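The next block is upload27.tsv, given as TSV, C-alpha atoms and all ligand atoms.
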```tsv
chain	number	residue	atom	x	y	z
A	1	MET	CA	94.88	128.25	149.53
A	2	HIS	CA	97.62	128.16	146.88
A	3	SER	CA	96.98	126.69	143.45
A	4	PRO	CA	99.43	123.85	142.73
A	5	VAL	CA	100.46	125.63	139.50
A	6	LEU	CA	101.70	128.77	141.27
A	7	THR	CA	105.39	129.07	140.35
A	8	LYS	CA	108.27	129.28	142.81
A	9	ASP	CA	108.87	132.93	141.80
A	10	GLN	CA	105.22	133.76	142.38
A	11	ARG	CA	105.31	132.14	145.83
A	12	GLN	CA	108.43	134.19	146.59
A	13	ALA	CA	106.80	137.42	145.36
A	14	LEU	CA	103.94	136.91	147.82
A	15	LYS	CA	106.45	136.85	150.68
A	16	ILE	CA	107.83	140.32	149.95
A	17	ARG	CA	106.13	143.08	151.90
A	18	ALA	CA	106.17	146.48	150.19
A	19	PRO	CA	107.22	149.23	152.66
A	20	ASP	CA	103.93	151.08	152.07
A	21	LEU	CA	101.70	148.06	152.69
A	22	ALA	CA	100.20	149.21	155.97
A	23	ALA	CA	96.94	147.25	156.26
A	24	GLU	CA	97.21	143.94	158.11
A	25	ILE	CA	95.38	140.79	159.03
A	26	PRO	CA	96.52	140.29	162.66
A	27	PRO	CA	98.28	137.09	163.79
A	28	ASN	CA	95.44	136.27	166.18
A	29	TYR	CA	92.61	136.75	163.62
A	30	PRO	CA	89.96	134.17	164.67
A	31	ARG	CA	89.24	131.10	162.54
A	32	GLY	CA	85.70	130.31	161.38
A	33	PRO	CA	82.75	132.59	160.57
A	34	SER	CA	83.19	136.26	161.46
A	35	ALA	CA	81.00	137.75	164.22
A	36	LEU	CA	81.10	141.10	162.39
A	37	VAL	CA	79.05	140.06	159.35
A	38	ARG	CA	76.06	138.02	158.16
A	39	ILE	CA	75.36	136.62	154.69
A	40	LEU	CA	71.72	137.41	153.96
A	41	PRO	CA	69.39	137.04	150.96
A	42	ILE	CA	68.67	140.32	149.13
A	43	GLU	CA	64.92	140.79	149.52
A	44	ASP	CA	64.67	144.38	148.30
A	45	THR	CA	63.17	144.15	144.81
A	46	SER	CA	64.86	147.41	143.76
A	47	HIS	CA	68.34	146.05	144.57
A	48	PRO	CA	70.18	144.99	141.39
A	49	ALA	CA	71.28	141.76	143.10
A	50	TYR	CA	67.69	140.91	144.18
A	51	LYS	CA	67.28	137.19	144.93
A	52	GLN	CA	71.04	136.80	145.31
A	53	ALA	CA	72.91	137.14	148.62
A	54	GLY	CA	74.83	140.04	150.15
A	55	LEU	CA	77.04	140.74	153.16
A	56	PHE	CA	75.62	142.77	156.06
A	57	ALA	CA	77.13	144.25	159.23
A	58	ALA	CA	76.12	142.26	162.32
A	59	ARG	CA	77.72	144.94	164.56
A	60	PRO	CA	78.80	148.55	164.10
A	61	ILE	CA	82.07	148.61	162.14
A	62	LEU	CA	84.71	151.30	162.69
A	63	PRO	CA	85.98	153.38	159.76
A	64	GLY	CA	89.16	151.94	158.25
A	65	SER	CA	88.94	148.64	160.10
A	66	LEU	CA	89.29	145.11	158.71
A	67	ILE	CA	85.85	143.60	158.11
A	68	VAL	CA	86.86	140.17	156.76
A	69	PRO	CA	89.86	138.73	154.96
A	70	TYR	CA	89.18	137.76	151.32
A	71	TYR	CA	89.96	134.05	151.01
A	72	GLY	CA	90.17	132.12	147.76
A	73	ILE	CA	92.48	130.16	145.52
A	74	VAL	CA	95.71	132.09	144.98
A	75	HIS	CA	96.64	131.35	141.37
A	76	PRO	CA	98.71	132.50	138.39
A	77	SER	CA	96.78	134.94	136.24
A	78	ASP	CA	98.62	135.36	132.97
A	79	PRO	CA	96.26	134.03	130.29
A	80	SER	CA	99.07	133.73	127.76
A	81	THR	CA	101.18	131.37	129.84
A	82	SER	CA	100.64	129.89	133.25
A	83	SER	CA	97.00	130.43	134.21
A	84	HIS	CA	96.07	126.90	133.26
A	85	ASP	CA	94.77	124.86	136.13
A	86	ALA	CA	95.86	121.30	136.87
A	87	GLU	CA	93.41	119.92	134.27
A	88	GLY	CA	94.67	122.32	131.58
A	89	GLY	CA	91.61	124.61	131.62
A	90	ARG	CA	91.39	128.29	132.48
A	91	GLU	CA	89.01	128.07	135.36
A	92	HIS	CA	89.61	131.55	136.79
A	93	GLU	CA	89.32	133.58	133.60
A	94	LYS	CA	85.54	134.01	133.68
A	95	SER	CA	85.19	134.17	137.46
A	96	ASP	CA	83.25	137.08	139.01
A	97	TYR	CA	85.18	136.53	142.25
A	98	ASP	CA	88.75	137.03	141.02
A	99	LEU	CA	90.90	139.90	142.42
A	100	TRP	CA	94.49	140.87	141.70
A	101	LEU	CA	96.85	140.09	144.57
A	102	ASP	CA	100.12	140.99	142.82
A	103	ARG	CA	99.89	142.37	139.28
A	104	ASP	CA	103.65	142.47	138.74
A	105	ALA	CA	103.94	138.79	139.61
A	106	ASN	CA	100.67	137.88	137.81
A	107	VAL	CA	99.01	136.48	140.91
A	108	ALA	CA	95.28	136.74	141.69
A	109	VAL	CA	92.91	135.33	144.28
A	110	ASP	CA	89.67	133.68	143.16
A	111	ALA	CA	86.82	133.04	145.63
A	112	GLU	CA	84.45	131.44	143.14
A	113	LYS	CA	84.95	127.86	144.32
A	114	ALA	CA	86.65	128.34	147.69
A	115	GLY	CA	86.23	131.31	149.96
A	116	ASN	CA	84.62	132.87	153.01
A	117	GLU	CA	81.93	135.49	153.65
A	118	ALA	CA	83.90	138.08	151.67
A	119	ARG	CA	82.80	136.45	148.40
A	120	PHE	CA	79.26	137.78	149.04
A	121	VAL	CA	80.22	141.48	149.01
A	122	ASN	CA	78.17	143.27	146.35
A	123	ASP	CA	79.04	146.36	144.30
A	124	TYR	CA	77.35	149.62	145.39
A	125	ARG	CA	76.07	150.57	141.91
A	126	GLY	CA	72.27	150.62	141.93
A	127	ALA	CA	72.20	149.61	145.61
A	128	SER	CA	73.48	152.74	147.35
A	129	ALA	CA	74.78	156.22	146.51
A	130	ARG	CA	78.32	155.23	147.50
A	131	PRO	CA	80.40	152.33	148.77
A	132	ASN	CA	81.12	151.99	152.50
A	133	ALA	CA	83.97	149.49	152.15
A	134	GLU	CA	86.79	148.52	149.80
A	135	PHE	CA	88.96	145.59	148.78
A	136	ARG	CA	92.41	146.38	150.10
A	137	GLU	CA	95.74	144.64	149.71
A	138	CYS	CA	97.16	143.81	153.11
A	139	TRP	CA	99.83	141.85	154.90
A	140	ASP	CA	98.66	138.58	156.45
A	141	ARG	CA	100.69	138.23	159.63
A	142	ARG	CA	99.54	134.63	160.10
A	143	THR	CA	101.12	133.44	156.87
A	144	GLY	CA	103.79	136.11	156.25
A	145	GLU	CA	102.31	136.72	152.81
A	146	LYS	CA	100.38	139.32	150.86
A	147	GLY	CA	96.67	139.01	151.32
A	148	MET	CA	93.42	140.71	150.41
A	149	GLY	CA	90.78	142.00	152.78
A	150	VAL	CA	87.48	143.85	152.87
A	151	PHE	CA	88.02	147.02	154.91
A	152	ALA	CA	85.57	149.75	155.97
A	153	LEU	CA	86.43	152.99	154.17
A	154	PRO	CA	88.71	155.11	156.36
A	155	ALA	CA	87.50	158.26	158.07
A	156	GLY	CA	88.74	161.58	156.72
A	157	LYS	CA	87.39	164.47	154.74
A	158	ALA	CA	87.62	163.03	151.24
A	159	SER	CA	86.72	159.59	152.43
A	160	VAL	CA	83.60	160.69	154.32
A	161	LYS	CA	82.25	161.98	151.01
A	162	LYS	CA	82.80	158.48	149.62
A	163	GLY	CA	81.10	156.88	152.60
A	164	GLY	CA	83.94	156.50	155.08
A	165	SER	CA	82.13	157.15	158.35
A	166	GLY	CA	81.89	153.59	159.59
A	167	ILE	CA	79.15	151.03	158.96
A	168	LYS	CA	76.00	150.71	161.07
A	169	LYS	CA	74.65	147.38	162.31
A	170	GLY	CA	72.30	145.96	159.66
A	171	GLU	CA	73.78	147.99	156.78
A	172	GLU	CA	74.85	146.15	153.64
A	173	ILE	CA	78.62	146.13	153.07
A	174	LEU	CA	79.18	147.52	149.58
A	175	VAL	CA	82.42	148.05	147.66
A	176	SER	CA	83.21	149.30	144.18
A	177	TYR	CA	84.22	146.47	141.86
A	178	GLY	CA	85.65	149.18	139.58
A	179	LYS	CA	84.49	150.31	136.16
A	180	GLY	CA	86.62	147.60	134.52
A	181	PHE	CA	84.48	144.84	136.02
A	182	TRP	CA	81.27	146.23	134.54
A	183	GLU	CA	82.87	147.09	131.18
A	184	GLN	CA	84.07	143.49	130.90
A	185	ARG	CA	80.56	142.31	131.83
A	186	ARG	CA	79.02	144.47	129.06
A	187	LEU	CA	81.60	143.22	126.56
A	188	GLU	CA	80.90	139.57	127.40
A	189	SER	CA	77.12	139.97	127.20
A	190	SER	CA	77.37	141.76	123.81
A	191	GLU	CA	79.64	138.93	122.55
A	192	THR	CA	77.10	136.29	123.60
A	193	ARG	CA	74.28	138.21	121.86
A	194	GLN	CA	76.20	138.27	118.56
B	1	LIG	C1	81.22	138.47	144.13
B	1	LIG	S1	79.58	138.11	143.69
B	1	LIG	C2	78.68	138.90	144.97
B	1	LIG	C3	77.74	137.96	145.67
B	1	LIG	C4	76.50	137.59	144.88
B	1	LIG	N1	75.47	138.58	145.07
B	1	LIG	C5	76.03	136.22	145.29
B	1	LIG	O1	74.93	136.06	145.84
B	1	LIG	O2	76.78	135.26	145.07
B	1	LIG	C6	79.43	139.12	142.26
B	1	LIG	C7	78.12	139.03	141.56
B	1	LIG	O3	77.09	139.63	142.32
B	1	LIG	C8	76.21	140.37	141.47
B	1	LIG	N2	76.26	141.79	141.85
B	1	LIG	C9	76.99	142.34	142.82
B	1	LIG	N3	76.80	143.67	142.90
B	1	LIG	C10	75.91	143.98	141.93
B	1	LIG	C11	75.32	145.20	141.49
B	1	LIG	N4	75.57	146.37	142.06
B	1	LIG	N5	74.48	145.14	140.43
B	1	LIG	C12	74.18	143.96	139.84
B	1	LIG	N6	74.71	142.77	140.22
B	1	LIG	C13	75.57	142.78	141.24
B	1	LIG	C14	76.66	140.13	140.06
B	1	LIG	O4	75.94	139.05	139.56
B	1	LIG	C15	78.12	139.76	140.24
B	1	LIG	O5	78.58	138.94	139.21
```

Here is the file; what I need is its structure written in the form of structure tokens.
Amino acid sequence: MHSPVLTKDQRQALKIRAPDLAAEIPPNYPRGPSALVRILPIEDTSHPAYKQAGLFAARPILPGSLIVPYYGIVHPSDPSTSSHDAEGGREHEKSDYDLWLDRDANVAVDAEKAGNEARFVNDYRGASARPNAEFRECWDRRTGEKGMGVFALPAGKASVKKGGSGIKKGEEILVSYGKGFWEQRRLESSETRQ
């Protein structure tokens, strides 16, 4: 879903496919809940997201394959200018569900208020030794636009070390949010303590 304040240039930028953008959401990708995953409560008391929810594989998932597209509100993300929402606020700035879609064009996708199962993917830190999946930019063949997806880590020597050997049924799907996410988190919590 596009934010109404996305500019014409930003809409145009989303329609340009970089030659190296190989990952795709296929044109026949089914609508509705995915049969590949389940959203489940985290009941393991040692899990850092205990009492929250997480995303789990409902079937074995092949290395490198699309698990679920990442849906959300596609919005401008330049805090100095156009990130204001229709009411004049900055609703996406503090979201824990916001991912870059096109940094050059200042476009991000935020699943905090509108999204699908992908918004329940947790970070691997404290939950597992390594991630088994990743957020990956892709080309959405249904819309002819850039998109974001959760993909199983690809197979391959380096990738197997990182967890890229496919995902077993029942396993939690875990990505890396990146160090930046947690640094920002620490910064915000130290600011609120002061
Ligand atoms: C995109 S949401 C993931 C879904 C979330 N667990 C839920 O039930 O809505 C991101 C939030 O999940 C929590 N989370 C995810 N991975 C975590 C981890 N490894 N350690 C601590 N909290 C985590 C944090 O609260 C974070 O802000």

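Between CA of Pro131 in chain A and CA of Ala155 in chain A there is a distance of 13.1 Å.
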
> How far is it from CA of Arg125 in chain A to CA of Ile39 in chain A, in Å with one decimal?
Replying inline: 18.9 Å

>> At a cut-off of 12 Å around ligand LIG 1 (chain B), and using only C-alpha atoms and all ligand atoms, what residues come up? Please write them as a ChimeraX atom specification.
In response: /A:39-43,46-56,70-72,94-99,110-113,115-131,135,172-179,181-182,184-186

>> Using all atoms listed in the file, which protein or nucleic acid residues come within 9 Å of range 143-151 of chain A? Drop anything in the same chain fewer than 5 positions from it, and give the result as an MDAnalysis selection string.
In response: chainID A and resid 11 13:17 23:25 27 63:71 99:102 109 118 121 132:138 175

> Pick from A:Arg103, A:Pro60, A:Ala22, A:Thr7: nearest to Lys169 in chain A, with only C-alpha atoms counted?
Replying inline: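 Of all the options, A:Pro60 lies closest to Lys169 in chain A.
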
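Rounded to one decimal, CA of Glu171 in chain A and CA of Ala57 in chain A lie 5.6 Å from each other.
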
> Hey, which of A:Ile61, A:Gly166, A:Gly180, A:Arg142 ends up closest to Arg31 in chain A? Count only C-alpha atoms.
Replying inline: A:Arg142
